[in-house]
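Text of model.tsv, listed as TSV, N, CA and C atoms:
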chain	number	residue	atom	x	y	z
A	1	MET	N	-16.39	-21.41	-21.00
A	1	MET	CA	-15.08	-20.91	-21.38
A	1	MET	C	-14.35	-20.48	-20.11
A	2	LYS	N	-13.30	-21.20	-19.74
A	2	LYS	CA	-12.55	-20.91	-18.53
A	2	LYS	C	-11.37	-19.99	-18.81
A	3	LYS	N	-11.01	-19.26	-17.81
A	3	LYS	CA	-9.81	-18.41	-17.80
A	3	LYS	C	-9.78	-17.37	-18.91
A	4	TYR	N	-10.92	-16.77	-19.20
A	4	TYR	CA	-10.97	-15.73	-20.22
A	4	TYR	C	-10.80	-14.33	-19.63
A	5	ILE	N	-10.96	-14.18	-18.31
A	5	ILE	CA	-10.82	-12.87	-17.69
A	5	ILE	C	-9.35	-12.63	-17.39
A	6	GLN	N	-8.84	-11.49	-17.83
A	6	GLN	CA	-7.43	-11.18	-17.66
A	6	GLN	C	-7.15	-10.23	-16.49
A	7	HIS	N	-8.10	-9.36	-16.18
A	7	HIS	CA	-7.88	-8.34	-15.16
A	7	HIS	C	-9.23	-7.81	-14.72
A	8	GLN	N	-9.30	-7.25	-13.54
A	8	GLN	CA	-10.54	-6.65	-13.10
A	8	GLN	C	-10.23	-5.29	-12.47
A	9	ALA	N	-11.16	-4.37	-12.56
A	9	ALA	CA	-11.03	-3.06	-11.94
A	9	ALA	C	-12.40	-2.66	-11.41
A	10	PRO	N	-12.59	-2.71	-10.10
A	10	PRO	CA	-13.87	-2.27	-9.56
A	10	PRO	C	-14.07	-0.79	-9.83
A	11	ILE	N	-15.32	-0.38	-10.00
A	11	ILE	CA	-15.66	1.02	-10.22
A	11	ILE	C	-16.40	1.49	-8.97
A	12	LEU	N	-15.78	2.40	-8.23
A	12	LEU	CA	-16.36	2.90	-7.00
A	12	LEU	C	-16.97	4.29	-7.20
A	13	PRO	N	-18.18	4.51	-6.72
A	13	PRO	CA	-18.77	5.85	-6.79
A	13	PRO	C	-18.10	6.75	-5.75
A	14	VAL	N	-17.84	7.99	-6.14
A	14	VAL	CA	-17.22	8.96	-5.23
A	14	VAL	C	-17.92	10.31	-5.36
A	15	LYS	N	-17.94	11.06	-4.27
A	15	LYS	CA	-18.59	12.38	-4.29
A	15	LYS	C	-17.68	13.44	-4.90
A	16	ASN	N	-16.42	13.43	-4.51
A	16	ASN	CA	-15.49	14.46	-4.96
A	16	ASN	C	-14.23	13.77	-5.50
A	17	MET	N	-13.99	13.93	-6.80
A	17	MET	CA	-12.87	13.24	-7.43
A	17	MET	C	-11.53	13.72	-6.89
A	18	LYS	N	-11.36	15.03	-6.73
A	18	LYS	CA	-10.08	15.57	-6.28
A	18	LYS	C	-9.72	15.05	-4.89
A	19	SER	N	-10.65	15.13	-3.93
A	19	SER	CA	-10.34	14.68	-2.57
A	19	SER	C	-10.15	13.16	-2.52
A	20	THR	N	-10.88	12.42	-3.35
A	20	THR	CA	-10.71	10.97	-3.40
A	20	THR	C	-9.31	10.62	-3.92
A	21	LEU	N	-8.91	11.25	-5.00
A	21	LEU	CA	-7.57	10.98	-5.56
A	21	LEU	C	-6.48	11.38	-4.57
A	22	GLU	N	-6.63	12.51	-3.91
A	22	GLU	CA	-5.65	12.94	-2.91
A	22	GLU	C	-5.55	11.92	-1.78
A	23	TYR	N	-6.70	11.41	-1.32
A	23	TYR	CA	-6.72	10.41	-0.25
A	23	TYR	C	-6.00	9.13	-0.68
A	24	PHE	N	-6.32	8.63	-1.86
A	24	PHE	CA	-5.71	7.38	-2.31
A	24	PHE	C	-4.21	7.53	-2.56
A	25	VAL	N	-3.80	8.69	-3.03
A	25	VAL	CA	-2.37	8.92	-3.28
A	25	VAL	C	-1.64	9.17	-1.96
A	26	ASN	N	-2.14	10.09	-1.14
A	26	ASN	CA	-1.42	10.51	0.06
A	26	ASN	C	-1.57	9.56	1.25
A	27	SER	N	-2.73	8.95	1.41
A	27	SER	CA	-2.96	8.09	2.58
A	27	SER	C	-2.72	6.62	2.30
A	28	LEU	N	-3.12	6.14	1.11
A	28	LEU	CA	-3.02	4.71	0.80
A	28	LEU	C	-1.87	4.37	-0.14
A	29	CYS	N	-1.14	5.38	-0.62
A	29	CYS	CA	0.04	5.20	-1.49
A	29	CYS	C	-0.27	4.57	-2.84
A	30	PHE	N	-1.45	4.87	-3.38
A	30	PHE	CA	-1.75	4.50	-4.76
A	30	PHE	C	-1.14	5.55	-5.67
A	31	GLU	N	-1.07	5.25	-6.95
A	31	GLU	CA	-0.64	6.21	-7.96
A	31	GLU	C	-1.79	6.46	-8.92
A	32	ILE	N	-1.85	7.67	-9.44
A	32	ILE	CA	-2.88	7.99	-10.43
A	32	ILE	C	-2.49	7.36	-11.76
A	33	ALA	N	-3.40	6.57	-12.32
A	33	ALA	CA	-3.17	5.98	-13.64
A	33	ALA	C	-3.57	6.98	-14.72
A	34	TRP	N	-4.78	7.55	-14.58
A	34	TRP	CA	-5.29	8.54	-15.51
A	34	TRP	C	-6.55	9.19	-14.95
A	35	ILE	N	-6.87	10.36	-15.50
A	35	ILE	CA	-8.07	11.09	-15.11
A	35	ILE	C	-8.80	11.50	-16.38
A	36	TRP	N	-10.09	11.20	-16.45
A	36	TRP	CA	-10.92	11.62	-17.58
A	36	TRP	C	-11.78	12.76	-17.10
A	37	GLU	N	-11.41	13.97	-17.54
A	37	GLU	CA	-12.12	15.18	-17.15
A	37	GLU	C	-12.32	15.21	-15.63
A	38	ASP	N	-13.52	15.50	-15.14
A	38	ASP	CA	-13.74	15.60	-13.70
A	38	ASP	C	-14.58	14.44	-13.17
A	39	GLY	N	-14.99	13.52	-14.06
A	39	GLY	CA	-15.97	12.54	-13.62
A	39	GLY	C	-15.52	11.10	-13.55
A	40	TYR	N	-14.30	10.80	-13.99
A	40	TYR	CA	-13.88	9.39	-13.99
A	40	TYR	C	-12.35	9.36	-13.88
A	41	ALA	N	-11.83	8.42	-13.09
A	41	ALA	CA	-10.38	8.33	-12.91
A	41	ALA	C	-10.00	6.92	-12.50
A	42	SER	N	-8.69	6.67	-12.54
A	42	SER	CA	-8.18	5.36	-12.16
A	42	SER	C	-6.89	5.54	-11.34
A	43	VAL	N	-6.76	4.70	-10.30
A	43	VAL	CA	-5.54	4.64	-9.51
A	43	VAL	C	-5.06	3.20	-9.48
A	44	PHE	N	-3.78	3.01	-9.13
A	44	PHE	CA	-3.25	1.66	-9.02
A	44	PHE	C	-2.22	1.57	-7.91
A	45	ASN	N	-2.04	0.35	-7.42
A	45	ASN	CA	-1.00	0.01	-6.45
A	45	ASN	C	-0.66	-1.44	-6.72
A	46	GLY	N	0.57	-1.70	-7.12
A	46	GLY	CA	0.93	-3.06	-7.51
A	46	GLY	C	0.10	-3.46	-8.71
A	47	ASP	N	-0.53	-4.62	-8.66
A	47	ASP	CA	-1.38	-5.11	-9.75
A	47	ASP	C	-2.84	-4.72	-9.58
A	48	ILE	N	-3.15	-3.94	-8.54
A	48	ILE	CA	-4.53	-3.55	-8.26
A	48	ILE	C	-4.85	-2.22	-8.93
A	49	GLU	N	-5.95	-2.18	-9.65
A	49	GLU	CA	-6.42	-0.94	-10.25
A	49	GLU	C	-7.85	-0.71	-9.78
A	50	ILE	N	-8.14	0.54	-9.42
A	50	ILE	CA	-9.49	0.92	-9.00
A	50	ILE	C	-9.92	2.10	-9.86
A	51	HIS	N	-11.15	2.04	-10.35
A	51	HIS	CA	-11.72	3.16	-11.10
A	51	HIS	C	-12.69	3.90	-10.18
A	52	PHE	N	-12.80	5.21	-10.39
A	52	PHE	CA	-13.74	6.04	-9.64
A	52	PHE	C	-14.67	6.75	-10.61
A	53	ALA	N	-15.94	6.78	-10.27
A	53	ALA	CA	-16.94	7.52	-11.05
A	53	ALA	C	-17.63	8.50	-10.11
A	54	ARG	N	-17.64	9.77	-10.48
A	54	ARG	CA	-18.28	10.79	-9.65
A	54	ARG	C	-19.79	10.60	-9.69
A	55	GLU	N	-20.39	10.47	-8.49
A	55	GLU	CA	-21.83	10.26	-8.34
A	55	GLU	C	-22.35	11.14	-7.21
A	56	HIS	N	-23.63	11.47	-7.26
A	56	HIS	CA	-24.23	12.26	-6.18
A	56	HIS	C	-24.60	11.37	-5.00
A	57	ASN	N	-25.09	10.16	-5.29
A	57	ASN	CA	-25.48	9.22	-4.24
A	57	ASN	C	-24.45	8.10	-4.17
A	58	ILE	N	-23.92	7.89	-2.98
A	58	ILE	CA	-22.89	6.87	-2.78
A	58	ILE	C	-23.50	5.68	-2.05
A	59	VAL	N	-23.38	4.52	-2.64
A	59	VAL	CA	-23.69	3.27	-1.96
A	59	VAL	C	-22.35	2.63	-1.66
A	60	PRO	N	-21.94	2.57	-0.38
A	60	PRO	CA	-20.62	2.03	-0.06
A	60	PRO	C	-20.43	0.60	-0.57
A	61	GLN	N	-19.25	0.35	-1.09
A	61	GLN	CA	-18.87	-0.96	-1.61
A	61	GLN	C	-17.80	-1.56	-0.71
A	62	SER	N	-17.52	-2.84	-0.90
A	62	SER	CA	-16.49	-3.52	-0.12
A	62	SER	C	-15.56	-4.28	-1.07
A	63	ILE	N	-14.26	-4.15	-0.82
A	63	ILE	CA	-13.25	-4.81	-1.64
A	63	ILE	C	-12.23	-5.47	-0.72
A	64	TYR	N	-11.75	-6.64	-1.11
A	64	TYR	CA	-10.72	-7.34	-0.34
A	64	TYR	C	-9.39	-7.19	-1.07
A	65	PHE	N	-8.35	-6.73	-0.34
A	65	PHE	CA	-7.00	-6.64	-0.88
A	65	PHE	C	-6.14	-7.74	-0.23
A	66	PHE	N	-5.54	-8.58	-1.05
A	66	PHE	CA	-4.59	-9.57	-0.56
A	66	PHE	C	-3.20	-8.94	-0.58
A	67	VAL	N	-2.50	-9.04	0.53
A	67	VAL	CA	-1.17	-8.46	0.66
A	67	VAL	C	-0.19	-9.53	1.15
A	68	LYS	N	1.10	-9.23	1.07
A	68	LYS	CA	2.11	-10.19	1.55
A	68	LYS	C	2.13	-10.28	3.07
A	69	ASN	N	2.00	-9.12	3.74
A	69	ASN	CA	2.06	-9.12	5.20
A	69	ASN	C	1.07	-8.07	5.73
A	70	ALA	N	-0.05	-8.54	6.22
A	70	ALA	CA	-1.11	-7.64	6.71
A	70	ALA	C	-0.65	-6.82	7.91
A	71	ASP	N	0.20	-7.38	8.75
A	71	ASP	CA	0.67	-6.65	9.93
A	71	ASP	C	1.48	-5.42	9.54
A	72	VAL	N	2.33	-5.55	8.54
A	72	VAL	CA	3.14	-4.42	8.07
A	72	VAL	C	2.23	-3.35	7.46
A	73	VAL	N	1.26	-3.75	6.65
A	73	VAL	CA	0.33	-2.80	6.04
A	73	VAL	C	-0.51	-2.13	7.12
A	74	TYR	N	-0.97	-2.89	8.09
A	74	TYR	CA	-1.75	-2.34	9.20
A	74	TYR	C	-0.97	-1.25	9.93
A	75	ASP	N	0.27	-1.55	10.31
A	75	ASP	CA	1.10	-0.56	11.00
A	75	ASP	C	1.32	0.68	10.15
A	76	PHE	N	1.54	0.50	8.85
A	76	PHE	CA	1.73	1.63	7.96
A	76	PHE	C	0.48	2.50	7.89
A	77	LEU	N	-0.70	1.87	7.73
A	77	LEU	CA	-1.93	2.64	7.59
A	77	LEU	C	-2.33	3.36	8.87
A	78	ILE	N	-1.98	2.80	10.01
A	78	ILE	CA	-2.20	3.51	11.28
A	78	ILE	C	-1.39	4.80	11.29
A	79	LYS	N	-0.15	4.72	10.86
A	79	LYS	CA	0.72	5.92	10.81
A	79	LYS	C	0.20	6.94	9.80
A	80	GLN	N	-0.56	6.48	8.80
A	80	GLN	CA	-1.13	7.38	7.79
A	80	GLN	C	-2.46	7.98	8.26
A	81	ASN	N	-2.90	7.63	9.48
A	81	ASN	CA	-4.17	8.10	10.05
A	81	ASN	C	-5.38	7.64	9.25
A	82	VAL	N	-5.28	6.46	8.65
A	82	VAL	CA	-6.41	5.87	7.93
A	82	VAL	C	-7.39	5.32	8.97
A	83	GLU	N	-8.68	5.43	8.70
A	83	GLU	CA	-9.71	4.96	9.63
A	83	GLU	C	-9.76	3.43	9.64
A	84	ILE	N	-9.33	2.85	10.74
A	84	ILE	CA	-9.38	1.39	10.93
A	84	ILE	C	-10.74	1.08	11.55
A	85	ILE	N	-11.53	0.23	10.88
A	85	ILE	CA	-12.85	-0.10	11.44
A	85	ILE	C	-12.90	-1.51	12.01
A	86	LYS	N	-11.87	-2.31	11.73
A	86	LYS	CA	-11.77	-3.65	12.32
A	86	LYS	C	-10.29	-3.91	12.56
A	87	GLU	N	-9.95	-4.13	13.82
A	87	GLU	CA	-8.55	-4.36	14.19
A	87	GLU	C	-8.03	-5.64	13.55
A	88	ILE	N	-6.72	-5.71	13.43
A	88	ILE	CA	-6.11	-6.89	12.81
A	88	ILE	C	-6.30	-8.11	13.71
A	89	GLU	N	-6.58	-9.25	13.05
A	89	GLU	CA	-6.78	-10.50	13.78
A	89	GLU	C	-6.54	-11.69	12.86
A	90	SER	N	-6.32	-12.83	13.47
A	90	SER	CA	-6.25	-14.10	12.74
A	90	SER	C	-7.64	-14.71	12.76
A	91	THR	N	-8.15	-15.08	11.60
A	91	THR	CA	-9.53	-15.56	11.50
A	91	THR	C	-9.58	-17.09	11.46
A	92	PRO	N	-10.77	-17.67	11.76
A	92	PRO	CA	-10.94	-19.12	11.67
A	92	PRO	C	-10.81	-19.63	10.24
A	93	TRP	N	-11.01	-18.75	9.24
A	93	TRP	CA	-10.92	-19.18	7.84
A	93	TRP	C	-9.51	-19.03	7.28
A	94	GLY	N	-8.53	-18.80	8.16
A	94	GLY	CA	-7.13	-18.87	7.75
A	94	GLY	C	-6.50	-17.58	7.27
A	95	MET	N	-7.15	-16.45	7.53
A	95	MET	CA	-6.59	-15.17	7.10
A	95	MET	C	-6.13	-14.34	8.30
A	96	ARG	N	-5.13	-13.53	8.09
A	96	ARG	CA	-4.72	-12.50	9.04
A	96	ARG	C	-5.18	-11.21	8.38
A	97	GLU	N	-6.18	-10.51	8.97
A	97	GLU	CA	-6.82	-9.42	8.26
A	97	GLU	C	-7.31	-8.31	9.17
A	98	PHE	N	-7.62	-7.17	8.54
A	98	PHE	CA	-8.22	-6.02	9.20
A	98	PHE	C	-9.05	-5.28	8.16
A	99	ALA	N	-9.75	-4.21	8.58
A	99	ALA	CA	-10.58	-3.46	7.64
A	99	ALA	C	-10.43	-1.97	7.88
A	100	ILE	N	-10.50	-1.21	6.77
A	100	ILE	CA	-10.46	0.25	6.82
A	100	ILE	C	-11.66	0.81	6.07
A	101	LYS	N	-11.96	2.10	6.32
A	101	LYS	CA	-13.02	2.79	5.60
A	101	LYS	C	-12.40	4.03	4.95
A	102	ASP	N	-12.70	4.25	3.67
A	102	ASP	CA	-12.17	5.44	2.99
A	102	ASP	C	-13.11	6.63	3.17
A	103	ILE	N	-12.76	7.76	2.59
A	103	ILE	CA	-13.52	8.99	2.78
A	103	ILE	C	-14.90	8.99	2.12
A	104	ASN	N	-15.17	8.01	1.26
A	104	ASN	CA	-16.48	7.86	0.63
A	104	ASN	C	-17.33	6.79	1.31
A	105	GLY	N	-16.79	6.16	2.35
A	105	GLY	CA	-17.52	5.12	3.07
A	105	GLY	C	-17.26	3.71	2.57
A	106	HIS	N	-16.41	3.55	1.56
A	106	HIS	CA	-16.10	2.22	1.05
A	106	HIS	C	-15.23	1.47	2.05
A	107	ILE	N	-15.45	0.17	2.14
A	107	ILE	CA	-14.73	-0.69	3.09
A	107	ILE	C	-13.69	-1.50	2.32
A	108	PHE	N	-12.48	-1.53	2.85
A	108	PHE	CA	-11.41	-2.35	2.28
A	108	PHE	C	-10.92	-3.30	3.36
A	109	ARG	N	-11.14	-4.59	3.12
A	109	ARG	CA	-10.57	-5.61	4.01
A	109	ARG	C	-9.22	-5.98	3.42
A	110	ILE	N	-8.23	-6.08	4.28
A	110	ILE	CA	-6.86	-6.28	3.85
A	110	ILE	C	-6.29	-7.45	4.64
A	111	GLY	N	-5.71	-8.43	3.93
A	111	GLY	CA	-5.19	-9.58	4.65
A	111	GLY	C	-4.26	-10.46	3.85
A	112	HIS	N	-3.67	-11.40	4.57
A	112	HIS	CA	-2.85	-12.44	3.94
A	112	HIS	C	-3.23	-13.79	4.54
A	113	GLY	N	-2.99	-14.85	3.76
A	113	GLY	CA	-3.32	-16.19	4.22
A	113	GLY	C	-2.32	-16.71	5.24
A	114	GLU	N	-2.87	-17.31	6.30
A	114	GLU	CA	-2.02	-17.96	7.30
A	114	GLU	C	-2.09	-19.48	7.18
A	115	LYS	N	-3.16	-19.97	6.57
A	115	LYS	CA	-3.35	-21.42	6.41
A	115	LYS	C	-3.79	-21.69	4.98
A	116	GLU	N	-3.40	-22.84	4.47
A	116	GLU	CA	-3.88	-23.26	3.15
A	116	GLU	C	-5.32	-23.74	3.28
A	117	THR	N	-6.14	-23.44	2.28
A	117	THR	CA	-7.56	-23.79	2.37
A	117	THR	C	-7.78	-25.29	2.52
A	118	ASN	N	-6.90	-26.10	1.94
A	118	ASN	CA	-7.09	-27.55	2.06
A	118	ASN	C	-6.80	-28.06	3.48
A	119	LYS	N	-6.27	-27.19	4.36
A	119	LYS	CA	-6.01	-27.59	5.74
A	119	LYS	C	-7.06	-27.04	6.71
A	120	ILE	N	-8.07	-26.36	6.17
A	120	ILE	CA	-9.15	-25.83	7.01
A	120	ILE	C	-10.37	-26.72	6.79
A	121	LYS	N	-10.73	-27.43	7.84
A	121	LYS	CA	-11.74	-28.49	7.76
A	121	LYS	C	-13.08	-28.03	7.20
A	122	SER	N	-13.51	-26.82	7.52
A	122	SER	CA	-14.85	-26.40	7.13
A	122	SER	C	-14.92	-25.87	5.69
A	123	PHE	N	-13.80	-25.78	4.98
A	123	PHE	CA	-13.84	-25.34	3.58
A	123	PHE	C	-14.28	-26.47	2.68
A	124	SER	N	-15.00	-26.11	1.62
A	124	SER	CA	-15.51	-27.10	0.67
A	124	SER	C	-15.54	-26.49	-0.72
A	125	LYS	N	-15.53	-27.35	-1.72
A	125	LYS	CA	-15.72	-26.91	-3.10
A	125	LYS	C	-17.08	-27.33	-3.63
A	126	SER	N	-17.88	-27.90	-2.77
A	126	SER	CA	-19.22	-28.33	-3.17
A	126	SER	C	-20.21	-27.19	-2.99
A	127	LEU	N	-21.23	-27.17	-3.85
A	127	LEU	CA	-22.27	-26.16	-3.71
A	127	LEU	C	-23.00	-26.36	-2.40
A	128	PRO	N	-23.39	-25.25	-1.75
A	128	PRO	CA	-24.14	-25.40	-0.50
A	128	PRO	C	-25.52	-26.00	-0.74
A	129	LYS	N	-26.03	-26.67	0.28
A	129	LYS	CA	-27.39	-27.23	0.21
A	129	LYS	C	-28.39	-26.12	0.44
A	130	ASP	N	-29.55	-26.22	-0.23
A	130	ASP	CA	-30.62	-25.21	-0.04
A	130	ASP	C	-31.25	-25.33	1.31
Can you turn what I pasted into C-alpha cells?
Amino acid sequence: MKKYIQHQAPILPVKNMKSTLEYFVNSLCFEIAWIWEDGYASVFNGDIEIHFAREHNIVPQSIYFFVKNADVVYDFLIKQNVEIIKEIESTPWGMREFAIKDINGHIFRIGHGEKETNKIKSFSKSLPKD
C-alpha cells in the first residue's frame, strides 16, 4: 500500500520539558502546539512538528530539516547563539548543509538541495549489493 502516510512527528526524549520548550521557541523559532501535563509536548515550525517526551536517560537522535535556503538559516542560528557542530558546506551528494546540537544533545542537520539527484552520478535507486 503506497502513499498511506500523511505526516510524521519524531518523538525526542528530553530531560527538562520547560527548558526544552524555551530553547525551541526562543532559539529555533518554533511555536508550541500543545503541552500534556509535564511529560509530553509538541512544537512546530512550518510543516515540521516535533514531539518531546520527558525521560531520565537521553539517547541523542538525529533529524534532517530541509529548508529553502540553508545559508540564511545558518546566519540566523549563529545570531541566536545556537551550537553549530558542523559548518555550512556544499556536499558531494548535492546538498548545501550544516548541523546544530540542541540542549538535549540531539543533532539537527539543516540543508537545501543544490543539485537534482538524477544529475549526481553516484546516486542509484537499486538496492545495494551485499
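Residues near the point (-20.4, 0.8, -4.2), at a distance of 6.5 Å or less over only N, CA and C atoms, make up Ile11, Leu12, Pro13, Ile58, Val59, Pro60, Gln61 and Ser62 of chain A.
Environment of (0.9, 1.5, -7.9): residues at most 6 Å away, judged by all atoms listed in the file, are Phe30, Glu31, Phe44, Asn45 and Gly46 of chain A.
When DSSP reads the backbone of this structure, the residues of chain A it assigns to alpha helix (DSSP H) are Met17, Lys18, Ser19, Thr20, Leu21, Glu22, Tyr23, Phe24, Val25, Asn26, Ala70, Asp71, Val72, Val73, Tyr74, Asp75, Phe76, Leu77, Ile78 and Lys79 of chain A.
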Just-selected residues, N, CA and C atoms written as a PDB file, in the frame of the given file:
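Output below, filename result-v3.pdb:
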ATOM      1  N   MET A  17     -13.990  13.930  -6.800  1.00  0.00           N
ATOM      2  CA  MET A  17     -12.870  13.240  -7.430  1.00  0.00           C
ATOM      3  C   MET A  17     -11.530  13.720  -6.890  1.00  0.00           C
ATOM      4  N   LYS A  18     -11.360  15.030  -6.730  1.00  0.00           N
ATOM      5  CA  LYS A  18     -10.080  15.570  -6.280  1.00  0.00           C
ATOM      6  C   LYS A  18      -9.720  15.050  -4.890  1.00  0.00           C
ATOM      7  N   SER A  19     -10.650  15.130  -3.930  1.00  0.00           N
ATOM      8  CA  SER A  19     -10.340  14.680  -2.570  1.00  0.00           C
ATOM      9  C   SER A  19     -10.150  13.160  -2.520  1.00  0.00           C
ATOM     10  N   THR A  20     -10.880  12.420  -3.350  1.00  0.00           N
ATOM     11  CA  THR A  20     -10.710  10.970  -3.400  1.00  0.00           C
ATOM     12  C   THR A  20      -9.310  10.620  -3.920  1.00  0.00           C
ATOM     13  N   LEU A  21      -8.910  11.250  -5.000  1.00  0.00           N
ATOM     14  CA  LEU A  21      -7.570  10.980  -5.560  1.00  0.00           C
ATOM     15  C   LEU A  21      -6.480  11.380  -4.570  1.00  0.00           C
ATOM     16  N   GLU A  22      -6.630  12.510  -3.910  1.00  0.00           N
ATOM     17  CA  GLU A  22      -5.650  12.940  -2.910  1.00  0.00           C
ATOM     18  C   GLU A  22      -5.550  11.920  -1.780  1.00  0.00           C
ATOM     19  N   TYR A  23      -6.700  11.410  -1.320  1.00  0.00           N
ATOM     20  CA  TYR A  23      -6.720  10.410  -0.250  1.00  0.00           C
ATOM     21  C   TYR A  23      -6.000   9.130  -0.680  1.00  0.00           C
ATOM     22  N   PHE A  24      -6.320   8.630  -1.860  1.00  0.00           N
ATOM     23  CA  PHE A  24      -5.710   7.380  -2.310  1.00  0.00           C
ATOM     24  C   PHE A  24      -4.210   7.530  -2.560  1.00  0.00           C
ATOM     25  N   VAL A  25      -3.800   8.690  -3.030  1.00  0.00           N
ATOM     26  CA  VAL A  25      -2.370   8.920  -3.280  1.00  0.00           C
ATOM     27  C   VAL A  25      -1.640   9.170  -1.960  1.00  0.00           C
ATOM     28  N   ASN A  26      -2.140  10.090  -1.140  1.00  0.00           N
ATOM     29  CA  ASN A  26      -1.420  10.510   0.060  1.00  0.00           C
ATOM     30  C   ASN A  26      -1.570   9.560   1.250  1.00  0.00           C
ATOM     31  N   ALA A  70      -0.050  -8.540   6.220  1.00  0.00           N
ATOM     32  CA  ALA A  70      -1.110  -7.640   6.710  1.00  0.00           C
ATOM     33  C   ALA A  70      -0.650  -6.820   7.910  1.00  0.00           C
ATOM     34  N   ASP A  71       0.200  -7.380   8.750  1.00  0.00           N
ATOM     35  CA  ASP A  71       0.670  -6.650   9.930  1.00  0.00           C
ATOM     36  C   ASP A  71       1.480  -5.420   9.540  1.00  0.00           C
ATOM     37  N   VAL A  72       2.330  -5.550   8.540  1.00  0.00           N
ATOM     38  CA  VAL A  72       3.140  -4.420   8.070  1.00  0.00           C
ATOM     39  C   VAL A  72       2.230  -3.350   7.460  1.00  0.00           C
ATOM     40  N   VAL A  73       1.260  -3.750   6.650  1.00  0.00           N
ATOM     41  CA  VAL A  73       0.330  -2.800   6.040  1.00  0.00           C
ATOM     42  C   VAL A  73      -0.510  -2.130   7.120  1.00  0.00           C
ATOM     43  N   TYR A  74      -0.970  -2.890   8.090  1.00  0.00           N
ATOM     44  CA  TYR A  74      -1.750  -2.340   9.200  1.00  0.00           C
ATOM     45  C   TYR A  74      -0.970  -1.250   9.930  1.00  0.00           C
ATOM     46  N   ASP A  75       0.270  -1.550  10.310  1.00  0.00           N
ATOM     47  CA  ASP A  75       1.100  -0.560  11.000  1.00  0.00           C
ATOM     48  C   ASP A  75       1.320   0.680  10.150  1.00  0.00           C
ATOM     49  N   PHE A  76       1.540   0.500   8.850  1.00  0.00           N
ATOM     50  CA  PHE A  76       1.730   1.630   7.960  1.00  0.00           C
ATOM     51  C   PHE A  76       0.480   2.500   7.890  1.00  0.00           C
ATOM     52  N   LEU A  77      -0.700   1.870   7.730  1.00  0.00           N
ATOM     53  CA  LEU A  77      -1.930   2.640   7.590  1.00  0.00           C
ATOM     54  C   LEU A  77      -2.330   3.360   8.870  1.00  0.00           C
ATOM     55  N   ILE A  78      -1.980   2.800  10.010  1.00  0.00           N
ATOM     56  CA  ILE A  78      -2.200   3.510  11.280  1.00  0.00           C
ATOM     57  C   ILE A  78      -1.390   4.800  11.290  1.00  0.00           C
ATOM     58  N   LYS A  79      -0.150   4.720  10.860  1.00  0.00           N
ATOM     59  CA  LYS A  79       0.720   5.920  10.810  1.00  0.00           C
ATOM     60  C   LYS A  79       0.200   6.940   9.800  1.00  0.00           C
TER      61      LYS A  79
END
From A:Lys129, A:Ile63, A:Leu77, A:Val43, residue lying nearest A:Ile110 [all atoms listed in the file] = A:Ile63
Give the strand (DSSP E) residues of stretch 2-125 of chain A, as DSSP finds them on the backbone, and put them as a PyMOL selection string.
-> chain A and resi 11-14+31-36+40-45+48-54+62-66+83-90+95-101+107-113
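Across the structure, atom CA of A:Ala70 and atom CA of A:Lys86 are spaced 12.7 Å apart.
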Distance query A:Val72 at most 12 Å, only C-alpha atoms, self and fewer than 4 positions along chain excluded, as a PyMOL selection string = chain A and resi 67-68+76-79+88+96-98+110-112
Within 7 Å of A:Ile100 using only N, CA and C atoms, minus same-chain residues under 2 positions, as a list in words | Val82, Glu83, Ile84, Ile85, Lys86, Phe98, Asp102, His106, Ile107, Phe108, Arg109 and Ile110 of chain A
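Rounded to one decimal, atom CA of A:Trp34 and atom CA of A:Lys18 lie 12.6 Å from each other.
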Compare A:Gln8, A:Gly94, A:Glu22, A:Leu28 by their minimum atom-to-atom distance to A:Gln80, counting all atoms listed in the file, and give me the closest one.
-> A:Leu28
